[in-house]
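Here the structure is laid out as structure tokens; the discussion comes afterwards.
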Amino acid sequence: MQLLTKEIKKALRLFPLYSTEETYTSEKVFICKFFNPVGAGTWYVCEGEPVDGSMPEDDWEFFGMVDLGMGQEWGYFRLSDLKGLTLPLGFGVERDIHFKNEPASKYADSEYSMGHAQRSN
């Protein structure tokens with residue numbers, strides 16, 4: 001499965017890394033969703049851009065919310081991280097093909113998730 005389509009890349013160009021830094025997480029919008037089809041693991045993307053030197057844009061860095069079954073956390077992850085996950089039965093991370101521009105408030109479930117996400121550089 002193609003994890004990052006032309007349509008998603010185009011949408012992410014409007015939301016490069018740090019572009020929603022001053023936005024409450026509850027007001028952020030998730031552009032796409034990746035998930036583990038055989039267990040816990042969901043990655044929601046609200047910002048992203050190609051990794052420096054990545055040609056032709058084959059790796060991206062994202063900022064978003066991750067839920068690995070132990071609670072939600074905001075942070076950074078890369079497309080190459082998702083592609084590199086080895087899952088049971090030979091499966092890989094998949095993209096939710098029906099997911100489009102959902103508000104973070106629909107998915108975030110904690111006070112931390114609903115406030116400002118603190119970034120450390």
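Ordering of the structure tokens sets the chain letters (A, B, ...), residue numbers begin anew at 1 in every chain, and ligands are numbered from 1 in the order given.
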
With a distance cut-off of 12 Å and only C-alpha atoms, select the neighbouring residues of Ala104 in chain A, excluding the residue or stretch itself and same-chain residues fewer than 6 positions from it, and output the selection as a ChimeraX atom specification.
/A:23-33,43-46,64-66,72,74,110,113-115

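For Val51 in chain A, the set of protein, DNA and RNA residues having any atom at most 6 Å away, when counting only C-alpha atoms and skipping those fewer than 4 positions along the same chain, is A:Asp59, A:Trp60, A:Glu61.
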
Just the selected residues (N, CA and C atoms), exported as a PDB file, in the first residue's frame, please.
ATOM      1  N   ASP A  59      11.270  10.273   2.011  1.00  0.00           N
ATOM      2  CA  ASP A  59      11.081  10.198   3.461  1.00  0.00           C
ATOM      3  C   ASP A  59      10.517  11.529   3.942  1.00  0.00           C
ATOM      4  N   TRP A  60       9.597  11.439   4.862  1.00  0.00           N
ATOM      5  CA  TRP A  60       8.939  12.615   5.416  1.00  0.00           C
ATOM      6  C   TRP A  60       9.011  12.567   6.930  1.00  0.00           C
ATOM      7  N   GLU A  61       9.073  13.737   7.534  1.00  0.00           N
ATOM      8  CA  GLU A  61       8.958  13.838   8.986  1.00  0.00           C
ATOM      9  C   GLU A  61       7.587  14.425   9.280  1.00  0.00           C
TER      10      GLU A  61
END

Please extract the residues of chain A with a backbone DSSP assignment of strand (DSSP E) and present them as an MDAnalysis selection string.
chainID A and resid 29:30 32:35 42:50 60:67 72:78 94:95 102:103

Top pick for closest residue to Leu68 in chain A, considering A:Val93, A:Leu17, A:Ala40, A:Leu82 and counting only C-alpha atoms
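Among the listed residues, A:Ala40 lies closest to Leu68 in chain A.
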
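Across A:Gly48, A:Asn101, A:Tyr76, A:Leu3, the tightest approach to Phe15 in chain A is made by A:Gly48 when counting only C-alpha atoms.
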
I'd like to know which residues of chain A are alpha helix (DSSP H) (by DSSP, run on the backbone); could you write them as JSON, numbers by chain?
{"A": [6, 7, 8, 9, 10, 11, 12, 13, 79, 80, 81, 82, 83, 111, 112, 113, 114]}

Residues of the last selection are to be written out with N, CA and C atoms, as a compact mmCIF listing (two decimals), in the first residue's frame.
# COMPACT_ATOMS: atom_id res chain seq x y z
N LYS A 6 -0.09 11.49 -3.53
CA LYS A 6 0.11 12.86 -4.03
C LYS A 6 -0.86 13.81 -3.35
N GLU A 7 -2.08 13.36 -3.14
CA GLU A 7 -3.11 14.19 -2.49
C GLU A 7 -2.70 14.57 -1.06
N ILE A 8 -2.17 13.60 -0.32
CA ILE A 8 -1.74 13.86 1.06
C ILE A 8 -0.52 14.79 1.06
N LYS A 9 0.43 14.56 0.15
CA LYS A 9 1.60 15.44 0.08
C LYS A 9 1.18 16.88 -0.21
N LYS A 10 0.21 17.03 -1.10
CA LYS A 10 -0.28 18.37 -1.43
C LYS A 10 -0.92 19.02 -0.20
N ALA A 11 -1.70 18.28 0.54
CA ALA A 11 -2.33 18.81 1.75
C ALA A 11 -1.28 19.18 2.80
N LEU A 12 -0.25 18.35 2.95
CA LEU A 12 0.79 18.61 3.94
C LEU A 12 1.64 19.83 3.59
N ARG A 13 1.72 20.18 2.33
CA ARG A 13 2.47 21.39 1.94
C ARG A 13 1.84 22.63 2.57
N LEU A 79 8.13 8.77 8.07
CA LEU A 79 7.55 7.79 7.17
C LEU A 79 8.43 6.54 7.13
N SER A 80 9.74 6.72 7.13
CA SER A 80 10.65 5.57 7.11
C SER A 80 10.50 4.71 8.36
N ASP A 81 10.16 5.34 9.51
CA ASP A 81 9.91 4.57 10.73
C ASP A 81 8.71 3.65 10.54
N LEU A 82 7.66 4.20 9.94
CA LEU A 82 6.44 3.41 9.73
C LEU A 82 6.69 2.28 8.73
N LYS A 83 7.40 2.60 7.65
CA LYS A 83 7.70 1.59 6.64
C LYS A 83 8.60 0.49 7.18
N GLU A 111 -6.38 15.59 29.10
CA GLU A 111 -6.15 17.01 29.28
C GLU A 111 -4.88 17.43 28.53
N TYR A 112 -3.83 16.61 28.61
CA TYR A 112 -2.59 16.94 27.91
C TYR A 112 -2.86 17.03 26.42
N SER A 113 -3.61 16.10 25.88
CA SER A 113 -3.87 16.09 24.45
C SER A 113 -4.68 17.30 24.02
N MET A 114 -5.46 17.85 24.92
CA MET A 114 -6.33 18.96 24.55
C MET A 114 -5.68 20.32 24.74

Using only C-alpha atoms, which of A:Glu102, A:Glu47, A:Glu94, A:Asp58 sits nearest Glu21 in chain A?
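Ranked by minimum distance to Glu21 in chain A, first place goes to A:Glu47.
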
Find the residue from A:Gly90, A:Gly84, A:Gly41, A:Pro50 that sits nearest to Pro16 in chain A; use only C-alpha atoms when measuring.
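Counting only C-alpha atoms, the residue closest to Pro16 in chain A is A:Pro50.
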